[in-house]
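Peer 1: Provided herewith: my_file.txt, compact mmCIF, C-alpha atoms.
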```
# COMPACT_ATOMS: atom_id res chain seq x y z
CA MET M 1 -12.84 -66.18 -29.61
CA THR M 2 -10.57 -67.78 -27.05
CA TRP M 3 -9.96 -67.04 -23.41
CA PRO M 4 -6.69 -65.11 -23.86
CA VAL M 5 -8.51 -62.76 -26.21
CA VAL M 6 -11.31 -62.31 -23.68
CA VAL M 7 -8.87 -61.61 -20.85
CA GLY M 8 -6.80 -59.23 -22.96
CA LEU M 9 -9.85 -57.36 -24.16
CA THR M 10 -11.17 -57.12 -20.61
CA ALA M 11 -7.87 -55.56 -19.55
CA ALA M 12 -7.93 -53.11 -22.46
CA ILE M 13 -11.51 -52.03 -21.77
CA PHE M 14 -10.71 -51.67 -18.07
CA GLY M 15 -7.78 -49.53 -19.13
CA MET M 16 -10.09 -47.18 -21.05
CA ARG M 17 -12.41 -46.97 -18.04
CA LEU M 18 -9.44 -46.21 -15.77
CA ALA M 19 -8.22 -43.52 -18.16
CA GLY M 20 -11.61 -41.82 -17.90
CA MET M 21 -11.69 -42.11 -14.13
CA PHE M 22 -8.15 -40.92 -13.44
CA GLY M 23 -7.25 -38.97 -16.58
CA ALA M 24 -9.10 -35.76 -15.94
CA GLY M 25 -8.21 -35.39 -12.27
CA ASN M 26 -9.90 -32.29 -10.92
CA ARG M 27 -9.36 -30.11 -13.95
CA ILE M 28 -13.04 -30.23 -14.93
CA ARG M 29 -14.34 -26.78 -14.10
CA GLY M 30 -16.46 -24.02 -15.51
CA ARG M 31 -17.84 -24.50 -18.99
CA LEU M 32 -15.90 -27.71 -19.44
CA ALA M 33 -18.03 -29.15 -16.62
CA ASN M 34 -21.12 -28.41 -18.73
CA VAL M 35 -19.69 -30.46 -21.56
CA VAL M 36 -18.66 -33.32 -19.27
CA ASN M 37 -22.08 -33.35 -17.60
CA LEU M 38 -23.72 -33.71 -21.02
CA LEU M 39 -21.56 -36.69 -22.02
CA PRO M 40 -23.76 -39.39 -20.46
CA VAL M 41 -26.97 -38.20 -22.07
CA ALA M 42 -25.24 -37.84 -25.45
CA VAL M 43 -23.73 -41.33 -25.26
CA VAL M 44 -26.95 -42.96 -24.11
CA SER M 45 -29.07 -41.15 -26.68
CA ALA M 46 -26.78 -42.36 -29.48
CA VAL M 47 -26.84 -45.92 -28.13
CA VAL M 48 -30.65 -45.81 -27.99
CA VAL M 49 -31.14 -44.80 -31.62
CA LEU M 50 -28.52 -47.26 -32.83
CA ALA M 51 -30.15 -50.08 -30.84
CA THR M 52 -33.51 -49.11 -32.35
CA PHE M 53 -32.73 -48.32 -35.97
CA THR M 54 -29.66 -50.35 -36.87
CA SER M 55 -28.62 -53.94 -37.06
CA ALA M 56 -25.18 -55.20 -38.02
CA GLY M 57 -24.12 -51.69 -38.95
CA GLN M 58 -27.00 -51.05 -41.35
CA LEU M 59 -30.04 -48.83 -40.91
CA THR M 60 -33.10 -51.06 -40.55
CA LEU M 61 -36.75 -50.77 -39.67
CA ASP M 62 -38.23 -53.71 -37.80
CA ALA M 63 -40.40 -54.63 -34.82
CA ARG M 64 -38.02 -52.88 -32.43
CA VAL M 65 -39.06 -49.51 -33.82
CA VAL M 66 -42.69 -50.14 -32.87
CA GLY M 67 -41.71 -51.39 -29.43
CA MET M 68 -39.51 -48.35 -28.82
CA ALA M 69 -42.25 -46.00 -30.06
CA ALA M 70 -44.61 -47.55 -27.50
CA ALA M 71 -41.89 -47.15 -24.87
CA SER M 72 -41.57 -43.44 -25.79
CA VAL M 73 -45.25 -42.96 -25.10
CA ALA M 74 -44.81 -44.62 -21.71
CA VAL M 75 -41.83 -42.37 -20.98
CA LEU M 76 -43.78 -39.24 -21.99
CA ARG M 77 -46.53 -40.32 -19.59
CA ARG M 78 -43.92 -40.65 -16.88
CA ALA M 79 -44.45 -44.35 -16.42
CA PRO M 80 -42.14 -46.12 -13.95
CA MET M 81 -39.08 -47.76 -15.38
CA ALA M 82 -40.47 -51.29 -15.00
CA VAL M 83 -43.60 -50.32 -16.95
CA VAL M 84 -41.51 -48.86 -19.78
CA LEU M 85 -39.60 -52.12 -19.90
CA ILE M 86 -42.75 -54.25 -20.10
CA VAL M 87 -44.45 -52.00 -22.68
CA ALA M 88 -41.38 -52.09 -24.93
CA THR M 89 -40.78 -55.85 -24.80
CA ALA M 90 -44.47 -56.82 -24.99
CA THR M 91 -45.12 -54.52 -27.97
CA THR M 92 -42.06 -55.76 -29.83
CA ALA M 93 -43.03 -59.37 -29.12
CA ALA M 94 -46.61 -58.72 -30.25
CA VAL M 95 -45.50 -57.13 -33.53
CA ARG M 96 -43.23 -60.10 -34.22
CA ALA M 97 -46.02 -62.52 -33.32
CA LEU M 98 -48.18 -60.74 -35.90
CA GLY M 99 -45.52 -61.51 -38.43
CA TRP M 100 -43.77 -58.20 -39.10
CA ASP M 101 -40.10 -57.85 -38.33
CA GLY M 102 -38.59 -55.74 -41.06
CA MET Q 103 -31.13 -19.00 -17.37
CA SER Q 104 -32.26 -19.02 -13.80
CA GLN Q 105 -29.89 -18.71 -10.91
CA PRO Q 106 -29.69 -21.73 -8.71
CA PRO Q 107 -31.68 -21.35 -5.52
CA ALA Q 108 -29.41 -19.93 -2.88
CA GLY Q 109 -28.53 -22.10 0.01
CA ARG Q 110 -29.26 -25.43 -1.60
CA PRO Q 111 -27.23 -27.90 0.39
CA GLY Q 112 -23.91 -28.80 -1.06
CA GLU Q 113 -23.94 -26.44 -4.01
CA GLN Q 114 -22.25 -23.40 -2.64
CA ASP Q 115 -19.18 -23.13 -4.78
CA GLY Q 116 -17.15 -24.91 -7.39
CA THR Q 117 -16.18 -27.73 -5.07
CA PRO Q 118 -18.48 -30.69 -4.74
CA ALA Q 119 -19.87 -30.87 -1.24
CA ARG Q 120 -18.47 -33.62 0.85
CA SER Q 121 -20.47 -35.62 3.27
CA GLY Q 122 -19.02 -36.98 6.45
CA SER Q 123 -15.55 -36.11 7.56
CA GLY Q 124 -13.57 -37.02 4.46
CA GLN Q 125 -11.39 -34.18 3.24
CA ALA Q 126 -10.81 -33.44 -0.40
CA ARG Q 127 -7.16 -34.08 -1.05
CA GLY Q 128 -5.26 -30.94 -1.87
CA ARG Q 129 -8.39 -28.93 -2.46
CA PRO Q 130 -9.66 -25.92 -0.63
CA VAL Q 131 -12.37 -26.66 1.86
CA PRO Q 132 -15.70 -25.63 0.36
CA GLY Q 133 -17.04 -22.24 1.29
CA PRO Q 134 -19.95 -21.65 3.61
CA ARG Q 135 -22.25 -24.60 3.54
CA ALA Q 136 -25.45 -23.43 5.07
CA GLY Q 137 -27.66 -26.25 6.17
CA THR Q 138 -25.64 -29.04 4.67
CA SER Q 139 -26.53 -31.35 7.51
CA ALA Q 140 -29.86 -29.77 8.33
CA ARG Q 141 -31.80 -32.54 6.63
CA ALA Q 142 -30.94 -35.78 5.00
CA GLU Q 143 -30.87 -35.55 1.23
CA ARG Q 144 -32.83 -38.23 -0.53
CA ALA Q 145 -31.59 -40.05 -3.57
CA VAL Q 146 -33.46 -39.62 -6.86
CA LEU Q 147 -33.04 -43.35 -7.42
CA ALA Q 148 -36.01 -45.41 -6.30
CA ARG Q 149 -35.83 -49.00 -5.16
CA GLY Q 150 -38.02 -50.07 -8.07
CA ASP Q 151 -35.46 -48.55 -10.43
CA VAL Q 152 -32.71 -50.80 -9.11
CA PHE Q 153 -34.99 -53.77 -9.75
CA ALA Q 154 -35.90 -52.64 -13.27
CA PHE Q 155 -32.27 -52.00 -14.24
CA SER Q 156 -31.14 -55.30 -12.76
CA ALA Q 157 -33.94 -57.18 -14.51
CA SER Q 158 -32.96 -55.69 -17.86
CA PHE Q 159 -29.32 -56.65 -17.29
CA PHE Q 160 -30.40 -60.16 -16.34
CA VAL Q 161 -32.26 -60.68 -19.62
CA ALA Q 162 -29.49 -58.91 -21.55
CA GLY Q 163 -26.99 -61.33 -19.99
CA ILE Q 164 -29.05 -64.34 -21.02
CA SER Q 165 -29.57 -63.00 -24.55
CA THR Q 166 -25.91 -62.10 -25.02
CA SER Q 167 -24.76 -65.57 -23.95
CA ILE Q 168 -27.25 -67.23 -26.28
CA VAL Q 169 -26.11 -65.10 -29.21
CA LEU Q 170 -22.44 -65.80 -28.49
CA ILE Q 171 -23.02 -69.54 -28.25
CA ASN Q 172 -24.87 -69.40 -31.55
CA PHE Q 173 -21.77 -67.68 -32.97
CA GLY Q 174 -19.91 -70.86 -32.04
CA VAL Q 175 -17.98 -69.58 -29.01
CA GLU Q 176 -17.09 -72.21 -26.42
CA PRO Q 177 -19.61 -72.10 -23.55
CA TRP Q 178 -17.08 -71.61 -20.77
CA VAL Q 179 -15.46 -68.73 -22.67
CA VAL Q 180 -18.90 -67.11 -22.99
CA ALA Q 181 -19.38 -67.42 -19.24
CA LEU Q 182 -15.89 -66.02 -18.63
CA ALA Q 183 -16.51 -63.04 -20.91
CA GLY Q 184 -19.85 -62.29 -19.25
CA THR Q 185 -18.27 -62.47 -15.82
CA ILE Q 186 -15.22 -60.27 -16.33
CA MET Q 187 -15.66 -57.98 -19.33
CA PHE Q 188 -18.77 -55.96 -18.42
CA SER Q 189 -19.30 -54.87 -22.00
CA ALA Q 190 -22.10 -56.67 -23.82
CA THR Q 191 -21.51 -54.59 -26.94
CA GLY Q 192 -17.80 -55.46 -26.77
CA GLU Q 193 -18.52 -59.19 -26.51
CA LEU Q 194 -21.03 -59.06 -29.35
CA ALA Q 195 -18.68 -57.05 -31.58
CA LEU Q 196 -15.79 -59.45 -30.94
CA ALA Q 197 -17.78 -62.63 -31.51
CA GLY Q 198 -19.79 -61.13 -34.36
CA VAL Q 199 -16.80 -60.01 -36.42
CA LEU Q 200 -15.07 -63.37 -35.87
CA ALA Q 201 -18.22 -65.31 -36.78
CA GLY Q 202 -18.49 -63.19 -39.91
CA GLY Q 203 -15.04 -64.29 -40.98
CA GLY Q 204 -13.18 -61.16 -39.87
CA SER Q 205 -9.60 -61.27 -38.61
CA LEU Q 206 -8.78 -61.31 -34.92
CA GLY Q 207 -7.31 -57.85 -35.23
CA SER Q 208 -10.42 -56.31 -36.74
CA ALA Q 209 -12.61 -58.13 -34.19
CA VAL Q 210 -10.61 -56.77 -31.27
CA ALA Q 211 -10.53 -53.31 -32.85
CA SER Q 212 -14.29 -53.16 -33.22
CA ALA Q 213 -14.81 -54.48 -29.68
CA LEU Q 214 -12.54 -51.72 -28.41
CA LEU Q 215 -14.34 -49.09 -30.47
CA VAL Q 216 -17.81 -49.98 -29.21
CA SER Q 217 -16.50 -50.15 -25.64
CA ALA Q 218 -14.61 -46.86 -25.78
CA ARG Q 219 -17.74 -45.03 -24.65
CA PHE Q 220 -17.21 -46.49 -21.17
CA GLY Q 221 -13.99 -44.52 -20.93
CA LEU Q 222 -15.89 -41.36 -21.84
CA LEU Q 223 -18.61 -42.15 -19.31
CA ALA Q 224 -16.00 -42.57 -16.58
CA ILE Q 225 -15.03 -38.89 -16.94
CA PRO Q 226 -18.23 -37.36 -15.54
CA LEU Q 227 -18.37 -40.12 -12.94
CA SER Q 228 -14.86 -39.22 -11.79
CA THR Q 229 -16.09 -35.77 -10.76
CA ARG Q 230 -18.26 -37.50 -8.14
CA PHE Q 231 -15.31 -39.48 -6.80
CA VAL Q 232 -12.91 -36.59 -6.25
CA GLY Q 233 -10.83 -37.25 -3.16
CA ARG Q 234 -11.95 -40.84 -2.76
CA GLY Q 235 -9.49 -43.68 -2.36
CA ARG Q 236 -7.64 -45.11 -5.32
CA LEU Q 237 -9.06 -48.60 -4.86
CA GLU Q 238 -12.64 -47.30 -4.62
CA ARG Q 239 -12.18 -45.34 -7.84
CA MET Q 240 -10.66 -48.33 -9.60
CA VAL Q 241 -13.59 -50.56 -8.63
CA ALA Q 242 -16.00 -47.83 -9.70
CA ALA Q 243 -14.22 -47.54 -13.05
CA TYR Q 244 -14.33 -51.30 -13.58
CA MET Q 245 -18.12 -51.29 -13.29
CA VAL Q 246 -18.82 -48.30 -15.59
CA VAL Q 247 -21.81 -48.96 -17.84
CA ASP Q 248 -24.31 -46.56 -19.36
CA PRO Q 249 -27.31 -46.55 -16.97
CA SER Q 250 -25.47 -46.44 -13.66
CA VAL Q 251 -23.46 -43.38 -14.71
CA VAL Q 252 -26.51 -41.52 -16.02
CA MET Q 253 -28.48 -42.22 -12.86
CA ALA Q 254 -25.58 -41.31 -10.58
CA MET Q 255 -25.13 -37.98 -12.37
CA LYS Q 256 -28.74 -37.07 -11.63
CA GLU Q 257 -28.10 -37.00 -7.89
CA ARG Q 258 -27.65 -33.64 -6.20
CA THR Q 259 -24.52 -34.32 -4.22
CA PRO Q 260 -21.42 -36.42 -4.83
CA ALA Q 261 -22.25 -38.55 -1.79
CA LEU Q 262 -25.69 -39.36 -3.16
CA ALA Q 263 -24.23 -39.93 -6.61
CA ARG Q 264 -21.82 -42.50 -5.21
CA GLN Q 265 -24.58 -44.17 -3.19
CA THR Q 266 -26.78 -44.47 -6.27
CA TYR Q 267 -23.86 -45.63 -8.38
CA TRP Q 268 -22.95 -48.44 -5.97
CA ARG Q 269 -26.54 -49.58 -5.48
CA LEU Q 270 -27.17 -49.75 -9.22
CA SER Q 271 -23.77 -51.21 -10.09
CA GLY Q 272 -24.13 -53.91 -7.45
CA GLY Q 273 -27.57 -54.95 -8.63
CA MET Q 274 -26.82 -54.71 -12.33
CA CYS Q 275 -23.43 -56.42 -12.27
CA ALA Q 276 -24.75 -59.30 -10.15
CA ALA Q 277 -27.79 -59.66 -12.41
CA TRP Q 278 -25.57 -59.46 -15.49
CA VAL Q 279 -23.17 -62.19 -14.32
CA ILE Q 280 -26.01 -64.47 -13.19
CA GLY Q 281 -27.84 -63.87 -16.47
CA SER Q 282 -24.72 -64.51 -18.56
CA VAL Q 283 -23.98 -67.79 -16.79
CA ALA Q 284 -27.65 -68.80 -16.87
CA GLY Q 285 -27.71 -68.10 -20.60
CA VAL Q 286 -24.80 -70.50 -21.04
CA LEU Q 287 -26.35 -73.21 -18.86
CA ILE Q 288 -29.95 -73.09 -20.02
CA GLY Q 289 -29.56 -71.27 -23.32
CA SER Q 290 -30.60 -74.30 -25.32
CA LEU Q 291 -33.87 -74.58 -23.36
CA VAL Q 292 -34.85 -70.92 -23.74
CA PRO Q 293 -36.69 -70.06 -26.92
CA ASN Q 294 -35.31 -67.25 -29.04
CA PRO Q 295 -35.21 -64.20 -26.71
CA ARG Q 296 -36.18 -62.03 -29.66
CA ASP Q 297 -39.59 -63.70 -29.74
CA TRP Q 298 -40.23 -62.10 -26.37
CA GLY Q 299 -38.95 -58.71 -27.46
CA MET Q 300 -36.02 -59.03 -25.06
CA ASP Q 301 -33.72 -57.22 -27.49
CA VAL Q 302 -35.47 -53.93 -26.72
CA ALA Q 303 -35.31 -54.31 -22.91
CA PHE Q 304 -31.98 -52.53 -22.59
CA PRO Q 305 -32.60 -49.76 -25.16
CA ALA Q 306 -36.04 -49.09 -23.63
CA LEU Q 307 -34.48 -48.59 -20.23
CA LEU Q 308 -31.89 -46.23 -21.70
CA LEU Q 309 -34.71 -44.37 -23.45
CA ALA Q 310 -36.46 -43.92 -20.10
CA ILE Q 311 -33.41 -42.36 -18.50
CA THR Q 312 -32.66 -40.15 -21.51
CA GLY Q 313 -36.29 -39.05 -21.47
CA THR Q 314 -36.10 -37.85 -17.89
CA ALA Q 315 -32.81 -36.09 -18.53
CA MET Q 316 -34.24 -34.38 -21.62
CA ARG Q 317 -37.28 -33.21 -19.69
CA ALA Q 318 -35.11 -31.80 -16.92
CA SER Q 319 -33.04 -29.57 -19.17
CA ARG Q 320 -33.40 -28.06 -22.62
CA THR Q 321 -29.66 -28.18 -23.11
CA ALA Q 322 -29.72 -31.92 -22.38
CA ALA Q 323 -32.63 -32.38 -24.78
CA LEU Q 324 -30.72 -30.56 -27.51
CA ALA Q 325 -27.56 -32.55 -26.85
CA ALA Q 326 -29.47 -35.85 -26.87
CA ALA Q 327 -31.27 -35.04 -30.12
CA THR Q 328 -28.05 -33.89 -31.78
CA ALA Q 329 -26.19 -36.99 -30.62
CA ALA Q 330 -28.95 -39.24 -31.96
CA ALA Q 331 -28.87 -37.47 -35.33
CA ILE Q 332 -25.07 -37.68 -35.61
CA ALA Q 333 -25.09 -41.40 -34.76
CA LEU Q 334 -27.79 -42.24 -37.30
CA VAL Q 335 -26.29 -40.18 -40.11
CA LEU Q 336 -22.82 -41.70 -39.68
CA THR Q 337 -23.91 -45.33 -39.27
CA PRO Q 338 -24.00 -46.32 -42.95
CA PHE Q 339 -20.55 -44.90 -43.61
CA VAL Q 340 -18.26 -45.80 -40.69
CA PRO Q 341 -17.45 -48.93 -38.65
CA ALA Q 342 -19.49 -49.77 -35.56
CA GLY Q 343 -18.45 -47.78 -32.51
CA ILE Q 344 -17.41 -44.66 -34.42
CA PRO Q 345 -20.95 -43.19 -34.59
CA VAL Q 346 -21.28 -43.13 -30.79
CA LEU Q 347 -17.82 -41.66 -30.34
CA CYS Q 348 -18.64 -38.87 -32.83
CA ALA Q 349 -22.08 -38.36 -31.31
CA VAL Q 350 -20.60 -37.36 -27.98
CA GLY Q 351 -19.43 -34.23 -29.77
CA ALA Q 352 -23.00 -33.07 -29.16
CA ALA Q 353 -21.97 -32.48 -25.56
CA LEU Q 354 -20.01 -29.45 -26.81
CA ILE Q 355 -23.36 -27.67 -26.78
CA GLY Q 356 -22.58 -27.31 -23.09
CA LEU Q 357 -19.97 -24.69 -23.97
CA ARG Q 358 -22.76 -22.26 -24.81
CA SER Q 359 -24.25 -22.24 -21.34
CA ALA Q 360 -23.02 -20.52 -18.25
CA PRO Q 361 -20.82 -22.53 -15.91
CA PRO Q 362 -22.95 -25.12 -14.17
CA ARG Q 363 -24.30 -25.29 -10.73
CA PRO Q 364 -21.65 -27.05 -8.76
CA ALA Q 365 -22.19 -30.80 -8.34
CA GLY Q 366 -24.22 -30.79 -11.58
CA ALA Q 367 -27.55 -30.90 -9.86
CA ASN Q 368 -29.37 -32.92 -12.46
CA GLY Q 369 -26.50 -34.54 -14.25
CA THR Q 370 -27.24 -32.60 -17.37
CA GLY Q 371 -25.24 -29.46 -17.01
CA GLU Q 372 -27.83 -26.96 -16.00
CA GLY Q 373 -31.51 -26.64 -15.50
CA SER Q 374 -33.88 -24.13 -17.06
```
For the file at hand, write its structure as structure tokens.
Peer 2:
Amino acid sequence: MTWPVVVGLTAAIFGMRLAGMFGAGNRIRGRLANVVNLLPVAVVSAVVVLATFTSAGQLTLDARVVGMAAASVAVLRRAPMAVVLIVATATTAAVRALGWDG
Amino acid sequence: MSQPPAGRPGEQDGTPARSGSGQARGRPVPGPRAGTSARAERAVLARGDVFAFSASFFVAGISTSIVLINFGVEPWVVALAGTIMFSATGELALAGVLAGGGSLGSAVASALLVSARFGLLAIPLSTRFVGRGRLERMVAAYMVVDPSVVMAMKERTPALARQTYWRLSGGMCAAWVIGSVAGVLIGSLVPNPRDWGMDVAFPALLLAITGTAMRASRTAALAAATAAAIALVLTPFVPAGIPVLCAVGAALIGLRSAPPRPAGANGTGEGS
């Protein structure tokens, strides 16, 4: 991983972001707007489960699952964002300290 | 399916309401806008949220730099990547594939795949920047990451969405760059971030914002659950990045519902 690769990749990723920003123009109307409005929640939901249940492209169960389960409880109880953060990290750390991590 | 309350500011027709005097380029002026300026709309975003998001990006920046340095990447290149790329998953994919003995081509390809979701996320965001200047939209596009877009889409009006987007992007990008550089400088002094559970900081935050979106709308809840299922089922069989790109197909559930309230009141298509 050298700097030209980093700069080139940055440009390519920026290009994808620009395509999203400028590509659709103002054609997003009607039912298509429903689909577009659901994109963020679909993306984020997929990222969440992958960050919880996978590592290096494999399905895994480890301390993160317990931490995220605790975080779900906090979310269901409408805890503030900072509390969710602390519950998740502290629980994960505690489970690892107890010796279980997959 | 309940009708939107009549007369809600800025949601009168298919055109996002505009605040101030800016005119939408080449678009009809919105219809009657009863009470648009009657009272100041308040952003959904709370100050504590900006802090929580920024804090999670700070620790994510530190962790990412530590992981990259452990992969054997030169420290200054790690700092450079953290400062300009704005894609932790892209950095990790690139360095991870190379450290695993993969070719440069496959490393770049997987970094592009895992970062392609930012292009998708820029599409809904663009609907809140209709008529804005080219430079503003380019800067907004450069900073697209998951949480800022989700939070911006929850705001009632495009003006509020942009305000929330800039506040979050400013805090998170600054925290991310500082964290990335700090991770390079002091990475050797910090114990393994995993021991502190720091690897769940970012996913937990994303869970919190998905949770609120799911509670706000059954359609969003269905889309989120479907997307999660698609991503998990595909993971063992396809390269990294593909599961998320396929999972966004869950958004097609939106085709079933009636056209949305203009300005996508809760960022999730429709309420009820």
Peer 1: Enumerate as a PDB file with C-alpha atoms, in the coordinates of the input the residues belonging to chain M that approach chain Q to within 7 Å, with all atoms listed in the file taken into account.
Peer 2:
```pdb
ATOM      1  CA  MET M   1     -12.840 -66.180 -29.610  1.00  0.00           C
ATOM      2  CA  THR M   2     -10.570 -67.780 -27.050  1.00  0.00           C
ATOM      3  CA  TRP M   3      -9.960 -67.040 -23.410  1.00  0.00           C
ATOM      4  CA  VAL M   6     -11.310 -62.310 -23.680  1.00  0.00           C
ATOM      5  CA  THR M  10     -11.170 -57.120 -20.610  1.00  0.00           C
ATOM      6  CA  ILE M  13     -11.510 -52.030 -21.770  1.00  0.00           C
ATOM      7  CA  PHE M  14     -10.710 -51.670 -18.070  1.00  0.00           C
ATOM      8  CA  MET M  16     -10.090 -47.180 -21.050  1.00  0.00           C
ATOM      9  CA  ARG M  17     -12.410 -46.970 -18.040  1.00  0.00           C
ATOM     10  CA  LEU M  18      -9.440 -46.210 -15.770  1.00  0.00           C
ATOM     11  CA  ALA M  19      -8.220 -43.520 -18.160  1.00  0.00           C
ATOM     12  CA  GLY M  20     -11.610 -41.820 -17.900  1.00  0.00           C
ATOM     13  CA  MET M  21     -11.690 -42.110 -14.130  1.00  0.00           C
ATOM     14  CA  ALA M  24      -9.100 -35.760 -15.940  1.00  0.00           C
ATOM     15  CA  GLY M  30     -16.460 -24.020 -15.510  1.00  0.00           C
ATOM     16  CA  ARG M  31     -17.840 -24.500 -18.990  1.00  0.00           C
ATOM     17  CA  LEU M  32     -15.900 -27.710 -19.440  1.00  0.00           C
ATOM     18  CA  ALA M  33     -18.030 -29.150 -16.620  1.00  0.00           C
ATOM     19  CA  ASN M  34     -21.120 -28.410 -18.730  1.00  0.00           C
ATOM     20  CA  VAL M  35     -19.690 -30.460 -21.560  1.00  0.00           C
ATOM     21  CA  VAL M  36     -18.660 -33.320 -19.270  1.00  0.00           C
ATOM     22  CA  ASN M  37     -22.080 -33.350 -17.600  1.00  0.00           C
ATOM     23  CA  LEU M  38     -23.720 -33.710 -21.020  1.00  0.00           C
ATOM     24  CA  LEU M  39     -21.560 -36.690 -22.020  1.00  0.00           C
ATOM     25  CA  PRO M  40     -23.760 -39.390 -20.460  1.00  0.00           C
ATOM     26  CA  VAL M  41     -26.970 -38.200 -22.070  1.00  0.00           C
ATOM     27  CA  ALA M  42     -25.240 -37.840 -25.450  1.00  0.00           C
ATOM     28  CA  VAL M  43     -23.730 -41.330 -25.260  1.00  0.00           C
ATOM     29  CA  VAL M  44     -26.950 -42.960 -24.110  1.00  0.00           C
ATOM     30  CA  SER M  45     -29.070 -41.150 -26.680  1.00  0.00           C
ATOM     31  CA  ALA M  46     -26.780 -42.360 -29.480  1.00  0.00           C
ATOM     32  CA  VAL M  47     -26.840 -45.920 -28.130  1.00  0.00           C
ATOM     33  CA  VAL M  48     -30.650 -45.810 -27.990  1.00  0.00           C
ATOM     34  CA  VAL M  49     -31.140 -44.800 -31.620  1.00  0.00           C
ATOM     35  CA  LEU M  50     -28.520 -47.260 -32.830  1.00  0.00           C
ATOM     36  CA  ALA M  51     -30.150 -50.080 -30.840  1.00  0.00           C
ATOM     37  CA  GLY M  57     -24.120 -51.690 -38.950  1.00  0.00           C
ATOM     38  CA  GLN M  58     -27.000 -51.050 -41.350  1.00  0.00           C
ATOM     39  CA  LEU M  59     -30.040 -48.830 -40.910  1.00  0.00           C
ATOM     40  CA  ARG M  64     -38.020 -52.880 -32.430  1.00  0.00           C
ATOM     41  CA  MET M  68     -39.510 -48.350 -28.820  1.00  0.00           C
ATOM     42  CA  ALA M  71     -41.890 -47.150 -24.870  1.00  0.00           C
ATOM     43  CA  VAL M  75     -41.830 -42.370 -20.980  1.00  0.00           C
ATOM     44  CA  MET M  81     -39.080 -47.760 -15.380  1.00  0.00           C
ATOM     45  CA  ALA M  82     -40.470 -51.290 -15.000  1.00  0.00           C
ATOM     46  CA  VAL M  84     -41.510 -48.860 -19.780  1.00  0.00           C
ATOM     47  CA  LEU M  85     -39.600 -52.120 -19.900  1.00  0.00           C
ATOM     48  CA  ALA M  88     -41.380 -52.090 -24.930  1.00  0.00           C
ATOM     49  CA  THR M  89     -40.780 -55.850 -24.800  1.00  0.00           C
ATOM     50  CA  ALA M  90     -44.470 -56.820 -24.990  1.00  0.00           C
ATOM     51  CA  THR M  92     -42.060 -55.760 -29.830  1.00  0.00           C
ATOM     52  CA  ALA M  93     -43.030 -59.370 -29.120  1.00  0.00           C
ATOM     53  CA  ARG M  96     -43.230 -60.100 -34.220  1.00  0.00           C
TER      54      ARG M  96
END
```
Peer 1: In Å, how far is it from CA of Leu270 in chain Q to CA of Ala74 in chain M?
Peer 2: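 One can read the CA of Leu270 in chain Q to CA of Ala74 in chain M distance as 22.2 Å.
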Peer 1: Expressed in Å to a single decimal, how great is the separation between CA of Ala56 in chain M and CA of Asn294 in chain Q?
Peer 2: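 Answer for the CA of Ala56 in chain M to CA of Asn294 in chain Q separation: 18.1 Å.
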Peer 1: Using Å and a single decimal, report how far CA of Ser167 in chain Q sits from CA of Gly202 in chain Q.
Peer 2: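 Calculated distance between CA of Gly202 in chain Q and CA of Ser167 in chain Q is 17.3 Å.
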Peer 1: List the neighbours of range 280-287 of chain Q out to 9 Å using all atoms listed in the file; skip same-chain residues closer than 2 positions along the sequence, and give me the result as an NGL selection string.
Peer 2: :Q and (159-168 or 171 or 177-178 or 180-185 or 275-278 or 289-292)
Peer 1: In terms of the shortest atom-to-atom distance over all atoms listed in the file, which of Q:Met274, Q:Leu336, Q:Ile288, Q:Ala263 is closest to Ala145 in chain Q?
Peer 2: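 Using all atoms listed in the file, the shortest distance to Ala145 in chain Q belongs to Q:Ala263.
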Peer 1: For each of M:Ile86, M:Thr91, M:Phe22, M:Thr52, take the minimum atom-to-atom distance to Ala70 in chain M, counting only C-alpha atoms, then give the residue where this is smallest.
Peer 2: M:Thr91
Peer 1: Write out as a list in words which residues come within 8 Å of Thr60 in chain M when counting only C-alpha atoms, dropping same-chain ones fewer than 6 positions away.
Peer 2: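 Here the answer would be Phe53, Thr54 and Gly102 of chain M.
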